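Text of protein_6.json (JSON, C-alpha atoms and all ligand atoms) as supplied:
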```json
[["chain", "number", "residue", "atom", "x", "y", "z"],
["A", 163, "MET", "CA", 80.90, 125.42, 120.69],
["A", 164, "SER", "CA", 82.82, 122.62, 118.93],
["A", 165, "LEU", "CA", 86.39, 121.81, 119.93],
["A", 166, "LEU", "CA", 88.08, 123.31, 116.84],
["A", 167, "THR", "CA", 85.76, 126.20, 116.01],
["A", 168, "GLY", "CA", 87.69, 129.03, 114.37],
["A", 169, "LYS", "CA", 90.77, 126.88, 113.68],
["A", 170, "LEU", "CA", 92.38, 126.94, 110.24],
["A", 171, "GLY", "CA", 94.22, 123.83, 109.13],
["A", 172, "ILE", "CA", 96.05, 122.20, 106.26],
["A", 173, "VAL", "CA", 96.09, 118.49, 105.48],
["A", 174, "PHE", "CA", 98.89, 116.68, 103.61],
["A", 175, "GLY", "CA", 98.33, 113.07, 102.61],
["A", 176, "VAL", "CA", 94.83, 112.46, 101.31],
["A", 177, "ALA", "CA", 94.99, 109.97, 98.44],
["A", 178, "ASN", "CA", 91.50, 108.48, 98.69],
["A", 179, "LYS", "CA", 88.66, 107.88, 101.14],
["A", 180, "ARG", "CA", 90.65, 105.17, 102.96],
["A", 181, "SER", "CA", 93.55, 107.55, 103.74],
["A", 182, "ILE", "CA", 94.21, 108.16, 107.42],
["A", 183, "ALA", "CA", 94.52, 111.85, 106.48],
["A", 184, "TRP", "CA", 90.91, 111.78, 105.31],
["A", 185, "ALA", "CA", 89.70, 110.26, 108.59],
["A", 186, "ILE", "CA", 91.49, 112.95, 110.60],
["A", 187, "ALA", "CA", 90.40, 115.74, 108.23],
["A", 188, "GLN", "CA", 86.76, 114.69, 108.58],
["A", 189, "ALA", "CA", 87.07, 114.65, 112.37],
["A", 190, "TRP", "CA", 88.75, 118.08, 112.39],
["A", 191, "ALA", "CA", 86.08, 119.52, 110.10],
["A", 192, "LYS", "CA", 83.27, 118.03, 112.18],
["A", 193, "GLU", "CA", 84.67, 119.92, 115.18],
["A", 194, "GLY", "CA", 84.51, 123.18, 113.27],
["A", 195, "ALA", "CA", 87.97, 123.53, 111.67],
["A", 196, "ARG", "CA", 88.23, 125.07, 108.19],
["A", 197, "LEU", "CA", 90.68, 123.06, 106.11],
["A", 198, "ALA", "CA", 92.90, 123.31, 103.04],
["A", 199, "PHE", "CA", 94.10, 120.15, 101.28],
["A", 200, "THR", "CA", 97.10, 119.26, 99.18],
["A", 201, "TYR", "CA", 97.53, 116.44, 96.68],
["A", 202, "GLN", "CA", 100.72, 114.77, 95.54],
["A", 203, "GLY", "CA", 100.31, 115.04, 91.78],
["A", 204, "GLU", "CA", 97.84, 115.18, 88.90],
["A", 205, "ARG", "CA", 97.09, 111.45, 89.41],
["A", 206, "LEU", "CA", 95.44, 112.16, 92.78],
["A", 207, "LYS", "CA", 93.98, 115.60, 92.02],
["A", 208, "GLU", "CA", 90.49, 114.39, 91.10],
["A", 209, "ASN", "CA", 90.18, 112.13, 94.19],
["A", 210, "VAL", "CA", 91.14, 114.92, 96.55],
["A", 211, "GLU", "CA", 88.92, 117.46, 94.78],
["A", 212, "GLU", "CA", 85.95, 115.11, 95.07],
["A", 213, "LEU", "CA", 86.52, 114.42, 98.77],
["A", 214, "ALA", "CA", 87.34, 118.01, 99.72],
["A", 215, "ALA", "CA", 84.25, 119.27, 97.89],
["A", 216, "THR", "CA", 82.14, 117.64, 100.64],
["A", 217, "PHE", "CA", 83.30, 120.59, 102.80],
["A", 218, "GLY", "CA", 82.08, 123.13, 100.24],
["A", 219, "SER", "CA", 83.00, 124.03, 96.68],
["A", 220, "ASP", "CA", 85.34, 126.82, 97.83],
["A", 221, "THR", "CA", 87.68, 124.47, 99.75],
["A", 222, "LEU", "CA", 91.32, 125.35, 99.06],
["A", 223, "ILE", "CA", 93.09, 122.50, 97.23],
["A", 224, "LEU", "CA", 96.72, 122.81, 96.15],
["A", 225, "PRO", "CA", 99.34, 120.57, 94.53],
["A", 226, "CYS", "CA", 102.30, 119.62, 96.71],
["A", 227, "ASP", "CA", 104.97, 117.03, 96.19],
["A", 228, "VAL", "CA", 106.75, 117.31, 99.55],
["A", 229, "THR", "CA", 110.14, 116.62, 97.96],
["A", 230, "ARG", "CA", 109.85, 119.91, 96.03],
["A", 231, "ASP", "CA", 110.74, 123.04, 98.00],
["A", 232, "GLU", "CA", 109.13, 125.33, 95.42],
["A", 233, "GLU", "CA", 105.79, 123.53, 95.74],
["A", 234, "ILE", "CA", 105.92, 123.77, 99.55],
["A", 235, "ALA", "CA", 106.68, 127.50, 99.29],
["A", 236, "ALA", "CA", 103.80, 128.02, 96.85],
["A", 237, "VAL", "CA", 101.35, 126.16, 99.13],
["A", 238, "PHE", "CA", 102.13, 128.30, 102.18],
["A", 239, "LYS", "CA", 102.16, 131.51, 100.13],
["A", 240, "THR", "CA", 98.60, 130.76, 98.97],
["A", 241, "VAL", "CA", 97.48, 129.63, 102.42],
["A", 242, "GLY", "CA", 98.87, 132.89, 103.83],
["A", 243, "GLU", "CA", 96.93, 134.88, 101.24],
["A", 244, "LYS", "CA", 93.64, 132.98, 101.67],
["A", 245, "PHE", "CA", 93.66, 132.16, 105.41],
["A", 246, "GLY", "CA", 95.99, 134.86, 106.80],
["A", 247, "LYS", "CA", 97.01, 132.48, 109.59],
["A", 248, "LEU", "CA", 97.12, 128.78, 110.39],
["A", 249, "HIS", "CA", 96.51, 126.64, 113.51],
["A", 250, "LEU", "CA", 96.66, 123.00, 112.41],
["A", 251, "LEU", "CA", 98.87, 120.94, 110.13],
["A", 252, "LEU", "CA", 98.54, 117.23, 109.44],
["A", 253, "HIS", "CA", 101.51, 115.36, 107.98],
["A", 254, "SER", "CA", 100.19, 112.00, 106.79],
["A", 255, "VAL", "CA", 102.74, 111.31, 104.09],
["A", 256, "ALA", "CA", 105.14, 108.43, 103.56],
["A", 257, "PHE", "CA", 106.81, 106.59, 100.72],
["A", 258, "ALA", "CA", 109.54, 104.04, 100.11],
["A", 259, "PRO", "CA", 110.24, 102.24, 96.83],
["A", 260, "ARG", "CA", 108.29, 98.98, 96.80],
["A", 261, "GLU", "CA", 111.38, 96.76, 96.55],
["A", 262, "ALA", "CA", 112.61, 98.21, 99.86],
["A", 263, "LEU", "CA", 109.45, 96.95, 101.61],
["A", 264, "GLU", "CA", 110.04, 93.34, 100.60],
["A", 265, "GLY", "CA", 112.86, 91.00, 101.53],
["A", 266, "GLU", "CA", 115.65, 92.01, 103.90],
["A", 267, "PHE", "CA", 116.49, 95.45, 105.28],
["A", 268, "ILE", "CA", 120.19, 94.76, 104.69],
["A", 269, "ASN", "CA", 119.59, 95.06, 100.95],
["A", 270, "THR", "CA", 118.18, 98.61, 101.13],
["A", 271, "SER", "CA", 119.81, 100.64, 98.36],
["A", 272, "ARG", "CA", 121.30, 104.09, 98.98],
["A", 273, "ASP", "CA", 118.61, 105.54, 96.75],
["A", 274, "ALA", "CA", 115.69, 103.81, 98.50],
["A", 275, "PHE", "CA", 117.08, 104.94, 101.89],
["A", 276, "ARG", "CA", 117.37, 108.53, 100.68],
["A", 277, "ILE", "CA", 113.90, 108.61, 99.09],
["A", 278, "ALA", "CA", 112.19, 107.06, 102.14],
["A", 279, "HIS", "CA", 113.79, 109.62, 104.47],
["A", 280, "ASP", "CA", 113.22, 112.59, 102.18],
["A", 281, "VAL", "CA", 109.50, 111.91, 101.62],
["A", 282, "SER", "CA", 108.62, 110.45, 105.01],
["A", 283, "ALA", "CA", 110.78, 112.35, 107.53],
["A", 284, "TYR", "CA", 112.53, 115.45, 106.15],
["A", 285, "SER", "CA", 109.20, 116.65, 104.77],
["A", 286, "LEU", "CA", 107.94, 117.22, 108.33],
["A", 287, "VAL", "CA", 110.82, 119.60, 108.96],
["A", 288, "ALA", "CA", 110.24, 121.45, 105.69],
["A", 289, "LEU", "CA", 106.47, 121.74, 106.27],
["A", 290, "ALA", "CA", 106.86, 122.84, 109.90],
["A", 291, "ARG", "CA", 109.37, 125.53, 108.88],
["A", 292, "ALA", "CA", 107.03, 126.87, 106.23],
["A", 293, "ALA", "CA", 103.93, 126.69, 108.46],
["A", 294, "ALA", "CA", 105.40, 128.24, 111.62],
["A", 295, "PRO", "CA", 105.34, 131.89, 110.44],
["A", 296, "LEU", "CA", 101.58, 131.54, 109.83],
["A", 297, "MET", "CA", 100.92, 129.98, 113.25],
["A", 298, "THR", "CA", 100.89, 133.36, 114.94],
["A", 299, "GLU", "CA", 98.30, 132.25, 117.54],
["A", 300, "GLY", "CA", 100.13, 129.00, 118.31],
["A", 301, "GLY", "CA", 99.40, 125.72, 116.60],
["A", 302, "SER", "CA", 99.32, 121.96, 116.52],
["A", 303, "ILE", "CA", 101.37, 119.93, 114.06],
["A", 304, "LEU", "CA", 100.54, 116.25, 113.81],
["A", 305, "ALA", "CA", 102.47, 113.48, 112.04],
["A", 306, "MET", "CA", 101.52, 109.85, 111.46],
["A", 307, "THR", "CA", 104.00, 107.20, 112.51],
["A", 308, "TYR", "CA", 104.23, 103.46, 113.14],
["A", 309, "TYR", "CA", 105.72, 101.14, 115.78],
["A", 310, "GLY", "CA", 108.24, 99.79, 113.24],
["A", 311, "SER", "CA", 110.29, 102.85, 114.28],
["A", 312, "GLU", "CA", 111.26, 101.21, 117.57],
["A", 313, "LYS", "CA", 110.86, 97.46, 117.07],
["A", 314, "VAL", "CA", 111.61, 95.26, 114.11],
["A", 315, "VAL", "CA", 108.52, 94.59, 112.04],
["A", 316, "PRO", "CA", 109.53, 92.25, 109.20],
["A", 317, "HIS", "CA", 109.19, 93.91, 105.75],
["A", 318, "TYR", "CA", 108.63, 97.40, 107.21],
["A", 319, "ASN", "CA", 112.39, 97.77, 106.78],
["A", 320, "VAL", "CA", 113.62, 101.23, 105.71],
["A", 321, "MET", "CA", 110.23, 102.74, 106.53],
["A", 322, "GLY", "CA", 110.86, 101.85, 110.18],
["A", 323, "VAL", "CA", 114.15, 103.72, 110.07],
["A", 324, "ALA", "CA", 112.46, 106.69, 108.40],
["A", 325, "LYS", "CA", 109.70, 106.68, 111.06],
["A", 326, "ALA", "CA", 112.40, 106.77, 113.77],
["A", 327, "ALA", "CA", 113.78, 109.88, 112.03],
["A", 328, "LEU", "CA", 110.27, 111.32, 111.82],
["A", 329, "GLU", "CA", 109.62, 110.82, 115.55],
["A", 330, "ALA", "CA", 113.00, 112.30, 116.51],
["A", 331, "SER", "CA", 112.34, 115.22, 114.16],
["A", 332, "ALA", "CA", 108.99, 115.81, 115.91],
["A", 333, "ARG", "CA", 110.83, 116.07, 119.25],
["A", 334, "TYR", "CA", 113.41, 118.57, 117.94],
["A", 335, "LEU", "CA", 110.69, 120.58, 116.22],
["A", 336, "ALA", "CA", 108.66, 120.56, 119.45],
["A", 337, "TYR", "CA", 111.66, 122.11, 121.23],
["A", 338, "ASP", "CA", 112.27, 124.74, 118.53],
["A", 339, "LEU", "CA", 108.61, 125.71, 118.19],
["A", 340, "GLY", "CA", 107.53, 125.44, 121.84],
["A", 341, "PRO", "CA", 108.24, 129.12, 122.60],
["A", 342, "LYS", "CA", 105.84, 130.01, 119.76],
["A", 343, "LYS", "CA", 103.12, 127.84, 121.38],
["A", 344, "ILE", "CA", 103.32, 125.44, 118.45],
["A", 345, "ARG", "CA", 103.03, 121.81, 119.52],
["A", 346, "VAL", "CA", 104.34, 118.87, 117.48],
["A", 347, "ASN", "CA", 103.13, 115.33, 118.14],
["A", 348, "CYS", "CA", 102.95, 111.96, 116.42],
["A", 349, "ILE", "CA", 100.12, 109.45, 116.35],
["A", 350, "SER", "CA", 101.46, 105.91, 116.11],
["A", 351, "ALA", "CA", 98.64, 104.00, 114.44],
["A", 352, "GLY", "CA", 98.10, 100.28, 114.39],
["A", 353, "PRO", "CA", 97.75, 98.84, 110.87],
["A", 354, "VAL", "CA", 94.94, 100.29, 108.73],
["A", 355, "ASN", "CA", 94.09, 98.97, 105.26],
["A", 356, "THR", "CA", 95.11, 101.88, 103.02],
["A", 357, "LEU", "CA", 96.89, 102.35, 99.69],
["A", 358, "ALA", "CA", 100.29, 102.86, 101.38],
["A", 359, "ALA", "CA", 99.79, 99.87, 103.70],
["A", 360, "ARG", "CA", 99.09, 97.53, 100.80],
["A", 361, "GLY", "CA", 102.62, 98.25, 99.56],
["A", 362, "ILE", "CA", 104.07, 96.42, 102.59],
["A", 363, "ALA", "CA", 104.65, 92.72, 101.96],
["A", 364, "GLY", "CA", 102.55, 90.57, 104.33],
["A", 365, "PHE", "CA", 100.27, 93.44, 105.39],
["A", 366, "THR", "CA", 97.17, 91.21, 105.73],
["A", 367, "ASP", "CA", 99.08, 89.00, 108.17],
["A", 368, "MET", "CA", 99.89, 92.13, 110.18],
["A", 369, "LEU", "CA", 96.17, 92.88, 110.56],
["A", 370, "LYS", "CA", 95.53, 89.32, 111.72],
["A", 371, "HIS", "CA", 98.49, 89.44, 114.12],
["A", 372, "TYR", "CA", 97.19, 92.60, 115.82],
["A", 373, "GLU", "CA", 93.71, 91.11, 116.10],
["A", 374, "ALA", "CA", 95.13, 88.06, 117.83],
["A", 375, "HIS", "CA", 97.69, 89.76, 120.10],
["A", 376, "ALA", "CA", 96.66, 93.35, 120.92],
["A", 377, "PRO", "CA", 95.04, 93.73, 124.37],
["A", 378, "LEU", "CA", 91.80, 94.95, 122.77],
["A", 379, "ARG", "CA", 91.87, 91.98, 120.32],
["A", 380, "ARG", "CA", 90.98, 94.09, 117.32],
["A", 381, "ASN", "CA", 92.44, 96.55, 114.83],
["A", 382, "VAL", "CA", 92.13, 100.32, 115.16],
["A", 383, "LEU", "CA", 89.34, 102.10, 113.29],
["A", 384, "PRO", "CA", 89.99, 105.21, 111.15],
["A", 385, "ASP", "CA", 87.43, 107.15, 113.22],
["A", 386, "GLU", "CA", 89.47, 106.45, 116.33],
["A", 387, "LEU", "CA", 92.52, 108.02, 114.68],
["A", 388, "GLY", "CA", 90.29, 110.99, 113.83],
["A", 389, "ALA", "CA", 89.21, 111.33, 117.45],
["A", 390, "THR", "CA", 92.82, 111.30, 118.69],
["A", 391, "GLY", "CA", 93.66, 113.81, 115.97],
["A", 392, "VAL", "CA", 90.96, 116.12, 117.34],
["A", 393, "PHE", "CA", 92.22, 115.72, 120.90],
["A", 394, "LEU", "CA", 95.83, 116.55, 119.94],
["A", 395, "ALA", "CA", 94.66, 119.56, 117.92],
["A", 396, "SER", "CA", 92.47, 120.84, 120.74],
["A", 397, "ASP", "CA", 93.20, 122.82, 123.89],
["A", 398, "GLY", "CA", 92.75, 119.59, 125.87],
["A", 399, "ALA", "CA", 96.27, 118.73, 124.66],
["A", 400, "ALA", "CA", 97.66, 122.23, 125.30],
["A", 401, "ALA", "CA", 100.55, 120.89, 127.41],
["A", 402, "ILE", "CA", 101.36, 117.86, 125.24],
["A", 403, "THR", "CA", 104.21, 118.24, 122.77],
["A", 404, "GLY", "CA", 106.98, 116.11, 121.30],
["A", 405, "GLN", "CA", 105.05, 112.92, 122.10],
["A", 406, "VAL", "CA", 104.22, 109.73, 120.26],
["A", 407, "ILE", "CA", 100.66, 108.68, 121.15],
["A", 408, "TYR", "CA", 99.83, 105.04, 120.42],
["A", 409, "VAL", "CA", 96.44, 104.38, 118.88],
["A", 410, "ASP", "CA", 96.93, 100.68, 118.27],
["A", 411, "SER", "CA", 94.50, 98.73, 120.46],
["A", 412, "GLY", "CA", 97.32, 98.56, 123.03],
["A", 413, "TYR", "CA", 99.69, 96.47, 120.89],
["A", 414, "GLN", "CA", 102.73, 98.59, 121.83],
["A", 415, "ILE", "CA", 102.74, 97.44, 125.47],
["A", 416, "MET", "CA", 103.15, 93.76, 124.59],
["A", 417, "GLY", "CA", 106.43, 91.90, 125.07],
["A", 418, "MET", "CA", 105.12, 88.61, 123.75],
["B", 501, "LIG", "N1", 98.04, 102.41, 107.09],
["B", 501, "LIG", "C1", 98.71, 102.04, 108.15],
["B", 501, "LIG", "O1", 98.68, 100.89, 108.57],
["B", 501, "LIG", "C2", 99.56, 103.05, 108.87],
["B", 501, "LIG", "C3", 99.96, 102.77, 110.20],
["B", 501, "LIG", "C4", 100.74, 103.72, 110.86],
["B", 501, "LIG", "C5", 101.12, 104.87, 110.21],
["B", 501, "LIG", "N2", 100.72, 105.11, 108.93],
["B", 501, "LIG", "C6", 101.14, 106.35, 108.29],
["B", 501, "LIG", "O2", 100.02, 107.11, 107.96],
["B", 501, "LIG", "C7", 100.37, 108.02, 106.93],
["B", 501, "LIG", "C8", 99.31, 107.98, 105.84],
["B", 501, "LIG", "O3", 99.31, 106.74, 105.18],
["B", 501, "LIG", "P1", 97.99, 105.96, 104.80],
["B", 501, "LIG", "O4", 98.12, 104.61, 105.41],
["B", 501, "LIG", "O5", 96.80, 106.78, 105.08],
["B", 501, "LIG", "O6", 98.15, 105.71, 103.23],
["B", 501, "LIG", "P2", 97.76, 106.63, 101.97],
["B", 501, "LIG", "O7", 98.37, 105.94, 100.81],
["B", 501, "LIG", "O8", 96.31, 106.88, 101.93],
["B", 501, "LIG", "O9", 98.52, 107.99, 102.28],
["B", 501, "LIG", "C9", 99.88, 108.20, 102.00],
["B", 501, "LIG", "C10", 99.97, 109.58, 101.38],
["B", 501, "LIG", "O10", 101.33, 109.97, 101.18],
["B", 501, "LIG", "C11", 101.32, 110.78, 100.03],
["B", 501, "LIG", "N3", 102.66, 110.95, 99.48],
["B", 501, "LIG", "C12", 103.58, 109.99, 99.15],
["B", 501, "LIG", "N4", 104.66, 110.57, 98.59],
["B", 501, "LIG", "C13", 104.43, 111.91, 98.57],
["B", 501, "LIG", "C14", 105.14, 113.04, 98.10],
["B", 501, "LIG", "N5", 106.35, 112.93, 97.53],
["B", 501, "LIG", "N6", 104.58, 114.28, 98.23],
["B", 501, "LIG", "C15", 103.36, 114.43, 98.80],
["B", 501, "LIG", "N7", 102.62, 113.39, 99.26],
["B", 501, "LIG", "C16", 103.16, 112.16, 99.13],
["B", 501, "LIG", "C17", 100.39, 110.05, 99.08],
["B", 501, "LIG", "O11", 99.94, 110.89, 98.04],
["B", 501, "LIG", "C18", 99.27, 109.66, 100.03],
["B", 501, "LIG", "O12", 98.28, 110.67, 100.06],
["B", 501, "LIG", "C19", 101.76, 107.62, 106.47],
["B", 501, "LIG", "O13", 102.71, 108.43, 107.12],
["B", 501, "LIG", "C20", 101.86, 106.19, 106.98],
["B", 501, "LIG", "O14", 103.19, 105.77, 107.16],
["B", 501, "LIG", "C21", 99.94, 104.22, 108.26]]
```
Translate the structure of the given file into structure tokens.
Amino acid sequence: MSLLTGKLGIVFGVANKRSIAWAIAQAWAKEGARLAFTYQGERLKENVEELAATFGSDTLILPCDVTRDEEIAAVFKTVGEKFGKLHLLLHSVAFAPREALEGEFINTSRDAFRIAHDVSAYSLVALARAAAPLMTEGGSILAMTYYGSEKVVPHYNVMGVAKAALEASARYLAYDLGPKKIRVNCISAGPVNTLAARGIAGFTDMLKHYEAHAPLRRNVLPDELGATGVFLASDGAAAITGQVIYVDSGYQIMGM
């Protein structure tokens, strides 16, 4: 039997085939999970439909802008109707206005700060609250984060502050949901060349820096994020909750 046979999951954050969400979704599906997908808006609908169709033409695909409570409610209403219950949720969603990811953090506008936190951190709270009533057999909620939450990574700026809020939210959610056997963890990924990453000024230099300085002397592969996603979703991680797991070729341990 595969590791996730019989598990029902929902994936937030597929934009295209390079998305980390897609790597984790593929790994979950390969281990036997049945998945639903959401897309941010009409612009991304076709991409997500095309990718999700590889799991069968009846794959559930729903619109969800995570800043809109009514769209979140509609997603979980439909998932409840179609699946009846839920075991897995992937939060692989982040956004900050481009100008906030260039130049100095000190110049972050009130609006950019609010948007980054709403999309990238509060959304985990909103999604967890909506998913929990369906996780009647327990569950695993997974969010994607980055090391810029704890150390200064030039240009990551307000996104680092939002990731700190995301990681702290995961811990508080883990405490609230623990009695329901729902686990909440974060994967802190090293840099991966995706649509969101290309919005960060100097991203290519980041890739080179990791290659030169991480203990494994290379960047992380999407499949490796998928494999960790499977582990955290599986019973092998049954006693792991509220954690940030680094999948970054070891970069996080370095002091210099
Ligand atoms: N790429 C990296 O180097 C890296 C490293 C560590 C962590 N992460 C995190 O991984 C996650 C996925 O990013 P990615 O790199 O795969 O890029 P991506 O661009 O493929 O994915 C980002 C997703 O966020 C979604 N999104 C943005 N605003 C939204 C909104 N209002 N409502 C719903 N969805 C919205 C986009 O539609 C997209 O699917 C993010 O949380 C990112 O911060 C990425």
Excluding same-chain residues fewer than 3 positions from region 231-233 of chain A, what lies within 12 Å of it counting only C-alpha atoms, as a VMD selection string? chain A and resid 200 to 203 224 to 228 236 to 240 280 to 281 284 to 285 287 to 289 291 to 292
Quick one: pull the distance between CA of Met306 (chain A) and CA of Arg230 (chain A), Å, one decimal.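 Interatomic distance, CA of Met306 (chain A) to CA of Arg230 (chain A): 20.2 Å.
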Set out as JSON lines a contact list for chain A and ligand LIG 501 (chain B) with a cut-off of 8 Å, giving each residue of chain A that qualifies its closest atom pair and distance in Å to one decimal, counting only C-alpha atoms and all ligand atoms, ordered by chain and rising residue number.
```
{"residue": "A:Phe174", "atom": "CA", "partner": "B:LIG501", "partner_atom": "N7", "distance": 6.6}
{"residue": "A:Gly175", "atom": "CA", "partner": "B:LIG501", "partner_atom": "O12", "distance": 3.5}
{"residue": "A:Val176", "atom": "CA", "partner": "B:LIG501", "partner_atom": "O12", "distance": 4.1}
{"residue": "A:Ala177", "atom": "CA", "partner": "B:LIG501", "partner_atom": "O12", "distance": 3.7}
{"residue": "A:Asn178", "atom": "CA", "partner": "B:LIG501", "partner_atom": "O8", "distance": 6.0}
{"residue": "A:Lys179", "atom": "CA", "partner": "B:LIG501", "partner_atom": "O8", "distance": 7.8}
{"residue": "A:Arg180", "atom": "CA", "partner": "B:LIG501", "partner_atom": "O8", "distance": 6.0}
{"residue": "A:Ser181", "atom": "CA", "partner": "B:LIG501", "partner_atom": "O8", "distance": 3.4}
{"residue": "A:Ile182", "atom": "CA", "partner": "B:LIG501", "partner_atom": "O5", "distance": 3.8}
{"residue": "A:Ala183", "atom": "CA", "partner": "B:LIG501", "partner_atom": "O5", "distance": 5.7}
{"residue": "A:Trp184", "atom": "CA", "partner": "B:LIG501", "partner_atom": "O5", "distance": 7.7}
{"residue": "A:Thr200", "atom": "CA", "partner": "B:LIG501", "partner_atom": "C15", "distance": 7.9}
{"residue": "A:Tyr201", "atom": "CA", "partner": "B:LIG501", "partner_atom": "O11", "distance": 6.2}
{"residue": "A:Gln202", "atom": "CA", "partner": "B:LIG501", "partner_atom": "C15", "distance": 4.2}
{"residue": "A:Gly203", "atom": "CA", "partner": "B:LIG501", "partner_atom": "O11", "distance": 7.5}
{"residue": "A:Leu206", "atom": "CA", "partner": "B:LIG501", "partner_atom": "O11", "distance": 7.0}
{"residue": "A:Cys226", "atom": "CA", "partner": "B:LIG501", "partner_atom": "C15", "distance": 5.7}
{"residue": "A:Asp227", "atom": "CA", "partner": "B:LIG501", "partner_atom": "N6", "distance": 3.4}
{"residue": "A:Val228", "atom": "CA", "partner": "B:LIG501", "partner_atom": "N6", "distance": 4.0}
{"residue": "A:Thr229", "atom": "CA", "partner": "B:LIG501", "partner_atom": "N5", "distance": 5.3}
{"residue": "A:Arg230", "atom": "CA", "partner": "B:LIG501", "partner_atom": "N5", "distance": 8.0}
{"residue": "A:His253", "atom": "CA", "partner": "B:LIG501", "partner_atom": "O13", "distance": 7.1}
{"residue": "A:Ser254", "atom": "CA", "partner": "B:LIG501", "partner_atom": "C7", "distance": 4.0}
{"residue": "A:Val255", "atom": "CA", "partner": "B:LIG501", "partner_atom": "O10", "distance": 3.5}
{"residue": "A:Ala256", "atom": "CA", "partner": "B:LIG501", "partner_atom": "O13", "distance": 4.3}
{"residue": "A:Phe257", "atom": "CA", "partner": "B:LIG501", "partner_atom": "C12", "distance": 4.9}
{"residue": "A:Val281", "atom": "CA", "partner": "B:LIG501", "partner_atom": "N5", "distance": 5.3}
{"residue": "A:Ser282", "atom": "CA", "partner": "B:LIG501", "partner_atom": "O13", "distance": 6.6}
{"residue": "A:Ala305", "atom": "CA", "partner": "B:LIG501", "partner_atom": "O13", "distance": 7.1}
{"residue": "A:Met306", "atom": "CA", "partner": "B:LIG501", "partner_atom": "O2", "distance": 4.7}
{"residue": "A:Thr307", "atom": "CA", "partner": "B:LIG501", "partner_atom": "C5", "distance": 4.4}
{"residue": "A:Tyr308", "atom": "CA", "partner": "B:LIG501", "partner_atom": "C4", "distance": 4.2}
{"residue": "A:Tyr309", "atom": "CA", "partner": "B:LIG501", "partner_atom": "C4", "distance": 7.5}
{"residue": "A:Met321", "atom": "CA", "partner": "B:LIG501", "partner_atom": "O14", "distance": 7.7}
{"residue": "A:Lys325", "atom": "CA", "partner": "B:LIG501", "partner_atom": "O14", "distance": 7.6}
{"residue": "A:Ile349", "atom": "CA", "partner": "B:LIG501", "partner_atom": "C5", "distance": 7.7}
{"residue": "A:Ser350", "atom": "CA", "partner": "B:LIG501", "partner_atom": "C4", "distance": 5.7}
{"residue": "A:Ala351", "atom": "CA", "partner": "B:LIG501", "partner_atom": "C4", "distance": 4.2}
{"residue": "A:Gly352", "atom": "CA", "partner": "B:LIG501", "partner_atom": "C3", "distance": 5.2}
{"residue": "A:Pro353", "atom": "CA", "partner": "B:LIG501", "partner_atom": "O1", "distance": 3.2}
{"residue": "A:Val354", "atom": "CA", "partner": "B:LIG501", "partner_atom": "O1", "distance": 3.8}
{"residue": "A:Asn355", "atom": "CA", "partner": "B:LIG501", "partner_atom": "N1", "distance": 5.5}
{"residue": "A:Thr356", "atom": "CA", "partner": "B:LIG501", "partner_atom": "O4", "distance": 4.7}
{"residue": "A:Leu357", "atom": "CA", "partner": "B:LIG501", "partner_atom": "O7", "distance": 4.0}
{"residue": "A:Ala358", "atom": "CA", "partner": "B:LIG501", "partner_atom": "O7", "distance": 3.7}
{"residue": "A:Ala359", "atom": "CA", "partner": "B:LIG501", "partner_atom": "N1", "distance": 4.6}
```
Hey, which of A:Gly310, A:Gly194, A:Ile303, A:Val320 ends up closest to Arg272 (chain A)? Count only C-alpha atoms. A:Val320
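For the pair CA of Val173 (chain A) and CA of Glu261 (chain A), the separation is 28.0 Å.
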Ranking A:Leu296, A:Ala290, A:Ile344, A:Ala262 by minimum distance to Tyr318 (chain A) and counting only C-alpha atoms, which one comes first?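 Ranking A:Leu296, A:Ala290, A:Ile344, A:Ala262 by distance to Tyr318 (chain A), first place goes to A:Ala262.
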When you count all atoms listed in the file, which of these residues is closest to Gly388 (chain A): A:Trp190, A:Ala294, A:Glu264, A:Tyr372? A:Trp190
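Taking CA of Glu329 (chain A) and CA of Glu373 (chain A) as endpoints, the distance between them is 25.3 Å.
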Leu263 (chain A) environment, 10 Å, all atoms listed in the file, sequence neighbours closer than 2 positions dropped, as a PyMOL selection string: chain A and resi 258-261+265-267+270+274+316-322+361-364
